[in-house]
Amino acid sequence: MPSDTLSNTFSALADPTRRAILARLTTGEMNVSDLAEPFEMSMPAISKHLKVLEKAGLVERSKQAQFRPCRLQPDPLKDIDEWMEQYRRFFEGSFNRLDNYLQQLQAKENNDEIE
Amino acid sequence: MKSNKLEVKIDDNVLTMTRSFKASPKLLFEVWSSCEHLKHWWGPKEWPMAECEMDFREGGTWRYCLRGPNEEDQSWGKTIYQKIDKPNKIEYKDYFTDPEGNVLSNMPELDNSVEFIPQDGGTTTALMTTTFENNDQLTSILEMGMEEGLNSSMDRLDEYLAEIPTSV
């Protein structure tokens with residue numbers, strides 16, 4: 001798990017404007033002025049948010065095209081998803097083992113009482 | 001009686017897992033608080049606990065290593081106990097560390113607790129919570145998936161999000 005990306009992703013997602021930008025990009029790639037349209041925010045402010053998203057690897061900008069359209073890059077989000085999945089699996093596995101272990105302990109306790 | 005399925009819920013910045021066991025709170029507390037017990041169950045079957053050192057008291061540390069199927073598979077964890085209320089609740093911080101015990105700074109530090117709640121019929125529910133430092137870390141992920149419906153490359157996340165409010 002690329003863990004440095006994980007915390008970058010977390011902090012990039014912490015801002016509601018950046019989340020709204022990502023949400024807008026789920027509809028397809030877009031240049032900055034189209035992207036900025038629904039936001040009551042200056043272009044430099046939007047660009048600043050985009051830079052944070054780019055740095056976290058959540059947004060890619062084309063280098064060639066004149067308007068450098070922005071595109072959503074979902075891999076870091078999948079890393080978070082994977083991390084949560086691992087966390088869940090860890091405990092699911094552990095708790096199934098704990099069921100068996102508790103049974104053993106209780107059986108032993110009962111035997112001790114009988115003796 | 002509640003089922004013994006693991007239930008995962010996210011509420012604001014808190015990830016909650018609940019699971020019921022056929023045992024008393026006292027016994028659950030016990031199996032949660034010594035290496036002797038934990039080595040029998042902590043970690044998935046394929047990743048058993050290879051090393052364990054515990055100083056079970058407020059401010060004390062638990063260090064452990066889980067080893068996986070391949071020789072290089074090892075995962076070191078460190079827990080620092082914050083508050084112990086026997087046999088009801090344990091509050092602790094979790095860290096991922098290297099083999100020397102140094103905290104890996106690029107991994108999230110987790111604020112955790114486990115509570116043992118007695119139920120009818122001799123069962124006890126273990127309620128585990130993980131609080132994320134940042135209020136938005138978790139909810140942001142959910143909002144994005146639920147409000148906008150992400151494209152096909154996000155299918156797995158969508159499926160996962162759909163599962164969250166109910167039992168997993």
# chains A, B, ... in the order shown; residues from 1 in each chain; ligands from 1
$ residues_around --residues "Arg88 of chain A" --least-positions-apart "5" --cutoff "9 Å" --atoms "only C-alpha atoms" --output "ChimeraX atom specification"
/A:83,93 /B:6,8,17
$ atom_distance --atom1 "atom CA of Ser34 of chain B" --atom2 "atom CA of Val103 of chain B"
22.2 Å
$ select_by_dssp --residues "chain A" --states "helix (DSSP H, G or I)" --output "ChimeraX atom specification"
/A:3-13,16-25,32-36,43-55,75-114
$ atom_distance --atom1 "atom CA of Pro44 of chain B" --atom2 "atom CA of Ser94 of chain A"
4.9 Å
$ closest_residue --among "A:Asp112, A:Asp75, A:Glu40, A:Glu54" --to "chain B" --atoms "only C-alpha atoms"
A:Asp75
$ closest_residue --among "B:Lys93, B:Arg57, B:Lys22, B:Arg63" --to "Thr131 of chain B" --atoms "only C-alpha atoms"
B:Lys93
$ atom_distance --atom1 "atom CA of Phe56 of chain B" --atom2 "atom CA of Gly101 of chain B"
17.3 Å
$ residues_around --residues "Ala56 of chain A" --least-positions-apart "6" --cutoff "8 Å" --atoms "only C-alpha atoms" --output "list in words"
Thr5, Asn8, Thr9, Ala12 and Pro76 of chain A
$ closest_residue --among "B:Ser33, B:Gln119, B:Thr97, B:Ser20" --to "Gln74 of chain B" --atoms "only C-alpha atoms"
B:Thr97
$ closest_residue --among "A:Arg68, A:Arg18, A:Lys78, A:Arg61" --to "chain B" --atoms "only C-alpha atoms"
A:Lys78
$ residues_around --residues "Thr61 of chain B" --least-positions-apart "5" --cutoff "10 Å" --atoms "only C-alpha atoms" --output "ChimeraX atom specification"
/B:53-56,78-82,92-94
$ closest_residue --among "B:Trp76, B:Arg19, B:Ile90, B:Thr129" --to "Leu104 of chain B" --atoms "only C-alpha atoms"
B:Trp76
$ closest_residue --among "B:Phe132, B:Gly43, B:Leu38, B:Thr18" --to "Gln86 of chain A" --atoms "only C-alpha atoms"
B:Gly43
$ residues_around --residues "Ala45 of chain A" --least-positions-apart "4" --cutoff "12 Å" --atoms "only C-alpha atoms" --output "list in words"
Thr17, Arg18, Val32, Ser33, Ala36, Phe39, Glu40, Met41, His49, Leu50, Lys51 and Val52 of chain A
$ residues_around --residues "Leu25 of chain A" --least-positions-apart "5" --cutoff "9 Å" --atoms "only C-alpha atoms" --output "MDAnalysis selection string"
chainID A and resid 20 30 35 59 70:72
$ write_last_selection --atoms "C-alpha atoms" --output "mmCIF file, in the first residue's frame"
data_model
loop_
_atom_site.group_PDB
_atom_site.id
_atom_site.type_symbol
_atom_site.label_atom_id
_atom_site.label_comp_id
_atom_site.auth_asym_id
_atom_site.auth_seq_id
_atom_site.Cartn_x
_atom_site.Cartn_y
_atom_site.Cartn_z
ATOM 1 C CA ALA A 20 -16.808 19.434 -5.489
ATOM 2 C CA MET A 30 -12.825 19.809 -18.581
ATOM 3 C CA LEU A 35 -14.575 23.675 -14.296
ATOM 4 C CA VAL A 59 -6.237 15.201 -10.998
ATOM 5 C CA CYS A 70 -8.229 18.455 -16.229
ATOM 6 C CA ARG A 71 -9.018 14.805 -15.762
ATOM 7 C CA LEU A 72 -9.953 12.779 -12.672
#
